[in-house]
Structure formats: C-alpha cells, structure tokens
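target_21.cif (mmCIF, C-alpha atoms and all ligand atoms) appears below.
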data_query
loop_
_atom_site.label_atom_id
_atom_site.label_comp_id
_atom_site.auth_asym_id
_atom_site.auth_seq_id
_atom_site.Cartn_x
_atom_site.Cartn_y
_atom_site.Cartn_z
CA MET A 1 -0.30 -14.58 -24.40
CA SER A 2 -3.02 -16.01 -26.63
CA LEU A 3 -6.80 -15.92 -26.29
CA ASN A 4 -6.80 -19.36 -24.67
CA GLY A 5 -3.69 -18.86 -22.66
CA PHE A 6 -2.39 -16.69 -19.92
CA LEU A 7 0.62 -14.66 -19.00
CA PHE A 8 2.42 -14.46 -15.71
CA ARG A 9 5.32 -12.46 -14.46
CA ASP A 10 7.21 -12.51 -11.18
CA GLN A 11 8.87 -9.44 -9.61
CA PHE A 12 6.34 -7.33 -11.42
CA LEU A 13 6.92 -4.20 -9.30
CA GLY A 14 10.01 -5.25 -7.37
CA SER A 15 10.06 -5.87 -3.63
CA THR A 16 10.30 -2.23 -2.50
CA LYS A 17 7.22 -1.15 -4.41
CA CYS A 18 5.42 -4.37 -3.64
CA ASN A 19 5.96 -3.74 0.08
CA LYS A 20 4.50 -0.25 -0.30
CA VAL A 21 1.41 -1.74 -1.90
CA ARG A 22 1.21 -4.33 0.87
CA SER A 23 1.24 -1.74 3.63
CA GLU A 24 -1.32 0.47 1.86
CA VAL A 25 -3.55 -2.54 1.47
CA ALA A 26 -3.03 -3.62 5.09
CA LYS A 27 -4.40 -0.24 6.13
CA LYS A 28 -7.59 -0.86 4.15
CA LEU A 29 -7.94 -4.16 5.92
CA SER A 30 -7.43 -2.75 9.39
CA ASP A 31 -9.87 0.12 8.91
CA ASN A 32 -12.57 -2.38 7.92
CA SER A 33 -13.05 -1.14 4.35
CA LEU A 34 -13.72 -4.64 3.05
CA LYS A 35 -17.16 -6.20 2.70
CA PRO A 36 -18.16 -9.82 2.19
CA ALA A 37 -18.24 -10.72 -1.50
CA GLY A 38 -21.63 -11.56 -2.89
CA ILE A 39 -23.46 -9.06 -0.73
CA GLY A 40 -25.73 -6.98 -2.89
CA ARG A 41 -29.47 -6.78 -2.92
CA GLU A 42 -29.68 -10.20 -1.33
CA LYS A 43 -29.34 -10.20 2.41
CA SER A 44 -27.49 -13.45 2.70
CA VAL A 45 -23.90 -14.02 1.68
CA ASN A 46 -23.17 -17.32 0.04
CA THR A 47 -19.64 -18.17 1.06
CA ASP A 48 -19.93 -21.60 -0.60
CA ILE A 49 -19.11 -20.02 -3.94
CA ARG A 50 -16.83 -17.24 -2.89
CA GLY A 51 -15.20 -16.83 0.51
CA ASP A 52 -13.49 -13.45 0.26
CA HIS A 53 -14.04 -9.90 1.42
CA PHE A 54 -13.37 -7.11 -1.03
CA CYS A 55 -13.42 -3.39 -1.77
CA TRP A 56 -13.08 -1.32 -4.93
CA LEU A 57 -10.03 0.90 -5.26
CA GLU A 58 -9.92 4.28 -7.00
CA LYS A 59 -7.00 6.47 -7.94
CA GLU A 60 -8.20 9.12 -5.55
CA GLY A 61 -7.07 8.15 -2.09
CA ALA A 62 -4.55 5.59 -3.34
CA GLY A 63 -1.03 5.78 -1.90
CA PRO A 64 2.15 5.85 -3.99
CA GLY A 65 2.44 2.05 -4.16
CA LEU A 66 -1.07 1.56 -5.47
CA ARG A 67 -0.64 4.46 -7.88
CA GLU A 68 2.45 2.81 -9.29
CA LEU A 69 0.54 -0.44 -9.76
CA MET A 70 -2.29 1.47 -11.43
CA SER A 71 0.07 3.09 -13.90
CA ARG A 72 1.56 -0.32 -14.70
CA PHE A 73 -1.95 -1.62 -15.34
CA GLU A 74 -2.49 1.35 -17.63
CA ALA A 75 0.67 0.43 -19.55
CA LEU A 76 -0.55 -3.16 -19.74
CA ARG A 77 -3.86 -1.95 -21.18
CA LYS A 78 -2.07 -0.11 -23.95
CA SER A 79 0.27 -2.95 -24.80
CA ILE A 80 -2.57 -5.51 -24.93
CA ASN A 81 -4.52 -3.14 -27.17
CA ARG A 82 -1.58 -2.93 -29.55
CA GLN A 83 -1.24 -6.70 -29.70
CA PHE A 84 -4.86 -7.78 -29.78
CA TYR A 85 -6.82 -4.75 -31.04
CA LEU A 86 -9.20 -5.12 -28.15
CA GLY A 87 -9.98 -1.46 -27.56
CA LEU A 88 -9.75 -1.83 -23.80
CA ASP A 89 -10.63 1.62 -22.52
CA ARG A 90 -10.80 1.39 -18.75
CA TYR A 91 -10.40 -0.93 -15.82
CA GLU A 92 -11.86 -1.42 -12.38
CA MET A 93 -9.70 -2.58 -9.53
CA GLN A 94 -10.61 -4.65 -6.53
CA LEU A 95 -8.80 -5.71 -3.38
CA ALA A 96 -9.78 -9.19 -2.26
CA HIS A 97 -8.92 -10.85 1.03
CA PHE A 98 -9.51 -14.53 1.64
CA ALA A 99 -9.13 -15.03 5.38
CA ALA A 100 -7.32 -18.14 6.60
CA GLY A 101 -9.67 -21.11 6.43
CA SER A 102 -11.85 -19.76 3.62
CA GLY A 103 -13.22 -22.13 1.03
CA GLY A 104 -11.72 -20.10 -1.82
CA TYR A 105 -13.70 -19.29 -4.94
CA LYS A 106 -15.32 -22.02 -7.00
CA LYS A 107 -14.61 -22.47 -10.73
CA HIS A 108 -16.01 -19.56 -12.72
CA LEU A 109 -15.54 -17.13 -15.60
CA ASP A 110 -15.14 -13.42 -14.84
CA ALA A 111 -17.38 -12.44 -17.76
CA PHE A 112 -19.89 -14.04 -20.05
CA LYS A 113 -19.59 -13.63 -23.78
CA GLY A 114 -22.12 -11.21 -25.16
CA ASN A 115 -23.81 -10.87 -21.82
CA ASN A 116 -23.77 -7.10 -21.84
CA GLN A 117 -22.46 -4.32 -23.99
CA ARG A 118 -19.61 -3.28 -21.81
CA ASN A 119 -18.07 -6.48 -20.70
CA ARG A 120 -14.96 -7.50 -18.86
CA ARG A 121 -12.41 -8.68 -21.40
CA LEU A 122 -9.15 -9.06 -19.54
CA THR A 123 -8.37 -10.03 -15.95
CA ALA A 124 -5.08 -9.08 -14.31
CA ILE A 125 -4.34 -10.28 -10.78
CA TYR A 126 -1.46 -9.05 -8.64
CA TYR A 127 -0.63 -11.08 -5.52
CA LEU A 128 0.62 -9.80 -2.20
CA ASN A 129 1.47 -12.84 -0.09
CA LEU A 130 5.00 -12.93 1.29
CA GLY A 131 6.46 -16.24 2.37
CA TRP A 132 3.81 -18.40 0.74
CA LYS A 133 4.64 -22.12 1.22
CA PRO A 134 3.27 -25.34 -0.28
CA GLY A 135 0.36 -26.32 1.92
CA ASP A 136 -0.76 -22.74 2.50
CA GLY A 137 -3.33 -23.25 -0.26
CA GLY A 138 -5.08 -20.44 -2.09
CA GLU A 139 -3.56 -21.36 -5.43
CA LEU A 140 -5.16 -19.91 -8.53
CA GLU A 141 -6.34 -22.84 -10.61
CA LEU A 142 -6.53 -22.10 -14.33
CA TYR A 143 -8.51 -24.35 -16.67
CA LEU A 144 -6.69 -23.95 -19.96
CA PRO A 145 -7.92 -25.85 -23.03
CA ASP A 146 -5.49 -28.76 -22.64
CA LEU A 147 -4.20 -28.25 -19.18
CA GLU A 148 -5.15 -27.48 -15.61
CA LEU A 149 -2.58 -25.46 -13.84
CA GLN A 150 -2.10 -24.14 -10.32
CA LEU A 151 -0.28 -20.90 -9.59
CA GLU A 152 0.80 -19.92 -6.09
CA PRO A 153 -0.39 -16.47 -5.00
CA VAL A 154 3.10 -15.25 -4.17
CA ALA A 155 3.94 -11.61 -3.55
CA ASP A 156 4.76 -9.49 -6.60
CA ARG A 157 3.40 -12.02 -9.10
CA LEU A 158 1.11 -10.87 -11.90
CA VAL A 159 -1.23 -13.21 -13.77
CA VAL A 160 -3.20 -12.09 -16.84
CA PHE A 161 -5.87 -13.92 -18.86
CA PHE A 162 -8.93 -13.25 -20.98
CA SER A 163 -11.98 -12.91 -18.75
CA GLU A 164 -14.40 -14.49 -21.21
CA GLN A 165 -12.26 -17.52 -22.07
CA ILE A 166 -10.46 -18.88 -19.07
CA GLU A 167 -12.32 -20.60 -16.26
CA HIS A 168 -10.52 -20.44 -12.95
CA ALA A 169 -10.89 -21.06 -9.23
CA VAL A 170 -9.20 -20.16 -5.96
CA LEU A 171 -8.37 -23.21 -3.84
CA PRO A 172 -9.14 -23.19 -0.11
CA ASN A 173 -6.46 -21.41 1.89
CA SER A 174 -5.02 -21.96 5.34
CA ARG A 175 -3.28 -18.58 5.46
CA ASN A 176 -4.53 -15.06 4.81
CA ARG A 177 -4.49 -14.39 1.09
CA MET A 178 -4.53 -10.97 -0.53
CA ALA A 179 -4.78 -10.03 -4.17
CA LEU A 180 -5.53 -7.00 -6.31
CA THR A 181 -7.56 -7.68 -9.42
CA ALA A 182 -8.07 -5.37 -12.37
CA TRP A 183 -10.77 -6.06 -14.94
CA PHE A 184 -10.32 -4.27 -18.23
CA HIS A 185 -13.41 -3.37 -20.25
CA ALA A 186 -14.09 -2.69 -23.88
CA PRO A 187 -17.21 -1.35 -25.57
C1 LIG B 201 -11.93 -13.24 -8.99
C2 LIG B 201 -10.90 -14.30 -8.98
C3 LIG B 201 -8.69 -15.07 -8.41
C4 LIG B 201 -7.57 -14.85 -7.46
O1 LIG B 201 -11.87 -12.35 -8.12
O2 LIG B 201 -12.80 -13.28 -9.88
O3 LIG B 201 -11.08 -15.26 -9.66
O4 LIG B 201 -6.54 -15.51 -7.65
N1 LIG B 201 -9.76 -14.16 -8.24
O5 LIG B 201 -7.69 -14.05 -6.54
NI NI B 202 -12.37 -14.75 -11.22
#
Before we go any further, please render this structure as structure tokens.
Amino acid sequence: MSLNGFLFRDQFLGSTKCNKVRSEVAKKLSDNSLKPAGIGREKSVNTDIRGDHFCWLEKEGAGPGLRELMSRFEALRKSINRQFYLGLDRYEMQLAHFAAGSGGYKKHLDAFKGNNQRNRRLTAIYYLNLGWKPGDGGELELYLPDLELQLEPVADRLVVFFSEQIEHAVLPNSRNRMALTAWFHAP
C-alpha cells in the first residue's frame, strides 16, 4: 500500500469467524442499536449525502467474533506503523448498515488534512455481505489518482486506505449492506 493507493484482502478472517461477526452484528441490528447517520445537533437527517444507520462498537460487550476482528485491526495498526511511521495509537470502530434501496454515500474524504490535531489517518473497512451479486449495488468506489475503481462489499473482504488522501463513495444498493469500519488516529 502507498499513500495514494489502497490495500484489499479477501478471506481476511475466514468464513467461520466471519459468520460469528455476522451473527453478532445481526443482533445489534435486531435490537435497534443503530441510529441514522448524520443525526447530531441538527434535528433533520440528510440522507442525500449518506443513507446508512450506524453505531459505535467498543471492546466491552463485543462477542468473540468482533473481538477477533478488533485484535486483527490492532495487528494492522502495528504493521502500518512499522511501514509508514505514522504513530497510529488508537482506532474507533463503527457498524454501518445501508438498507436496501438506500442512496449510498456520496463522494467524500474521511478526514481533512490539518483539520484538527487528532485526525483520522487510516480507514479500514470489513464487509459482511454473503452472496453479493452484480446488480446488488453498494460497491465502494475509490477515486485513486489515475483510476476509479469499484470494489464489491463481499463478506470477509478488508479494504484499507489513507483517510486524508483517498476520496470514495458508496453506490446505491438494492440489497441490505453491512460493513464495519475502523478509523485509526494519530496525534
Ligand atoms: C464511511 C464510508 C464506505 C463503505 O463510512 O465513511 O465511506 O464501503 N464507508 O462502507
Ligand atoms: Ni468514508
């Protein structure tokens, strides 16, 4: 991976562990833990920009599948630090659900250079969608310097890129679409 590139890996956890994560996440969904994205101080939710529901995930209360994923993210943090001297020192993790028929998430950056002192540096997204088919939509569109690229959000796939460099979007989806995103921070 380079600053202007990305990395992706399939069978990141393997199907057994991935299924554990999927069932832990399904529980969050069914107990209504997720809130519309974009809700904050404003009362209205603008689904034009971002059509998902989300919740933050902590180690406490996470099941064995999610804990495994978290420890893999921790290993990723260390290996990226060794390669890029980024000093990533923590991450936050979000579960996002785009319901069937959502408009996706318009082109954006996950962080803005120099915007604040503790910024997001690295984005890692782990997908949970079994049996994804062409036409289901919800592809991650990456705007690389010389190339636009679409990646299907298939189960057990990990995609990693630098939050401040790579613009990206989620295309509209006709099937439920679930992903876990970790944002790694550095001072
Ligand atoms: C985000 C995002 C992409 C995806 O949450 O900022 O861009 O593929 N997600 O879920
Ligand atoms: Ni994003």
All residues within 6 Å of ligand LIG 201 (chain B) are required, counting all atoms listed in the file; please report them as an NGL selection string.
:A and (110 or 140 or 169-170 or 179)
Around (-15.3, -21.2, -15.8) in the file's own coordinates, what residues are found within 9 Å if you use all atoms listed in the file, given back as a JSON list (two decimals) with C-alpha atoms, keeping the file's coordinate frame?
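Listed below is the output, point06.json:
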[["chain", "number", "residue", "atom", "x", "y", "z"],
["A", 106, "LYS", "CA", -15.32, -22.02, -7.00],
["A", 107, "LYS", "CA", -14.61, -22.47, -10.73],
["A", 108, "HIS", "CA", -16.01, -19.56, -12.72],
["A", 109, "LEU", "CA", -15.54, -17.13, -15.60],
["A", 110, "ASP", "CA", -15.14, -13.42, -14.84],
["A", 142, "LEU", "CA", -6.53, -22.10, -14.33],
["A", 143, "TYR", "CA", -8.51, -24.35, -16.67],
["A", 164, "GLU", "CA", -14.40, -14.49, -21.21],
["A", 165, "GLN", "CA", -12.26, -17.52, -22.07],
["A", 166, "ILE", "CA", -10.46, -18.88, -19.07],
["A", 167, "GLU", "CA", -12.32, -20.60, -16.26],
["A", 168, "HIS", "CA", -10.52, -20.44, -12.95],
["A", 169, "ALA", "CA", -10.89, -21.06, -9.23]]
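When only C-alpha atoms and all ligand atoms are used to measure the gap to ligand NI 202 (chain B), the shortest distance among A:Met70, A:Ile49, A:Leu76, A:Leu147 belongs to A:Ile49.
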So which residues touch A:Asp156 within 7 Å, counting only C-alpha atoms, skipping near sequence neighbours fewer than 3 positions away, as a tab-separated table (two decimals) with C-alpha atoms, in the frame of the given file?
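Writing the result to part-v7.tsv gives the following:
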chain	number	residue	atom	x	y	z
A	10	ASP	CA	7.21	-12.51	-11.18
A	11	GLN	CA	8.87	-9.44	-9.61
A	12	PHE	CA	6.34	-7.33	-11.42
A	13	LEU	CA	6.92	-4.20	-9.30
A	14	GLY	CA	10.01	-5.25	-7.37
A	18	CYS	CA	5.42	-4.37	-3.64
A	126	TYR	CA	-1.46	-9.05	-8.64
A	127	TYR	CA	-0.63	-11.08	-5.52
A	128	LEU	CA	0.62	-9.80	-2.20
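Nearest to ligand NI 202 (chain B) of all the residues A:Thr123, A:Ser102, A:Asn129, A:Asn173 is A:Thr123, based on only C-alpha atoms and all ligand atoms.
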Skipping near chain neighbours, those fewer than 6 positions away, what residues fall within 12 Å of A:Leu29 using only C-alpha atoms, listed as a ChimeraX atom specification?
/A:22-23,35,53-55,95-99,176-178
Nearest to A:Leu66, chosen from A:Leu180, A:Leu151, A:Leu34, A:Leu158, with only C-alpha atoms counted in the distances:
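Among A:Leu180, A:Leu151, A:Leu34, A:Leu158, it is A:Leu180 that comes nearest to A:Leu66.
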Figure out the distance between atom CA of A:Asp31 and atom CA of A:Val159, please, to one decimal in Å.
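Those two atoms sit 27.7 Å apart.
The nearest approach to ligand NI 202 (chain B) among the residues A:Leu149, A:Leu130, A:Ile125, A:Ala100, with all atoms listed in the file taken into account, belongs to A:Ile125.
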Add whatever atoms are absent from stretch 127-146 of chain A to reach N, CA and C atoms, and provide the output as a short mmCIF file (atom, residue, chain, number, x, y, z; two decimals), in the coordinates of the input.
data_model
loop_
_atom_site.label_atom_id
_atom_site.label_comp_id
_atom_site.auth_asym_id
_atom_site.auth_seq_id
_atom_site.Cartn_x
_atom_site.Cartn_y
_atom_site.Cartn_z
N TYR A 127 -0.58 -10.44 -6.84
CA TYR A 127 -0.63 -11.08 -5.52
C TYR A 127 0.29 -10.41 -4.52
N LEU A 128 -0.06 -10.57 -3.25
CA LEU A 128 0.62 -9.80 -2.20
C LEU A 128 1.10 -10.65 -1.03
N ASN A 129 1.24 -11.96 -1.23
CA ASN A 129 1.47 -12.84 -0.09
C ASN A 129 2.93 -13.27 0.06
N LEU A 130 3.59 -12.63 1.02
CA LEU A 130 5.00 -12.93 1.29
C LEU A 130 5.11 -14.28 1.99
N GLY A 131 6.16 -15.01 1.65
CA GLY A 131 6.46 -16.24 2.37
C GLY A 131 5.43 -17.34 2.17
N TRP A 132 4.76 -17.32 1.03
CA TRP A 132 3.81 -18.40 0.74
C TRP A 132 4.56 -19.72 0.65
N LYS A 133 4.01 -20.80 1.26
CA LYS A 133 4.64 -22.12 1.22
C LYS A 133 3.65 -23.16 0.70
N PRO A 134 4.16 -24.24 0.10
CA PRO A 134 3.27 -25.34 -0.28
C PRO A 134 2.49 -25.77 0.96
N GLY A 135 1.20 -25.97 0.77
CA GLY A 135 0.36 -26.32 1.92
C GLY A 135 -0.42 -25.13 2.44
N ASP A 136 0.01 -23.92 2.09
CA ASP A 136 -0.76 -22.74 2.50
C ASP A 136 -2.06 -22.62 1.72
N GLY A 137 -2.11 -23.26 0.55
CA GLY A 137 -3.33 -23.25 -0.26
C GLY A 137 -3.53 -21.91 -0.95
N GLY A 138 -4.76 -21.69 -1.42
CA GLY A 138 -5.08 -20.44 -2.09
C GLY A 138 -4.49 -20.32 -3.48
N GLU A 139 -4.08 -21.44 -4.06
CA GLU A 139 -3.56 -21.36 -5.43
C GLU A 139 -4.67 -20.91 -6.39
N LEU A 140 -4.25 -20.21 -7.42
CA LEU A 140 -5.16 -19.91 -8.53
C LEU A 140 -5.12 -21.12 -9.46
N GLU A 141 -6.29 -21.72 -9.69
CA GLU A 141 -6.34 -22.84 -10.61
C GLU A 141 -6.89 -22.34 -11.94
N LEU A 142 -6.11 -22.54 -12.99
CA LEU A 142 -6.53 -22.10 -14.33
C LEU A 142 -6.90 -23.33 -15.15
N TYR A 143 -8.05 -23.25 -15.81
CA TYR A 143 -8.51 -24.35 -16.67
C TYR A 143 -8.26 -23.95 -18.11
N LEU A 144 -7.05 -24.26 -18.57
CA LEU A 144 -6.69 -23.95 -19.96
C LEU A 144 -7.23 -25.07 -20.84
N PRO A 145 -7.31 -24.86 -22.15
CA PRO A 145 -7.92 -25.85 -23.03
C PRO A 145 -7.36 -27.27 -22.85
N ASP A 146 -6.05 -27.40 -22.73
CA ASP A 146 -5.49 -28.76 -22.64
C ASP A 146 -4.84 -29.04 -21.30
#
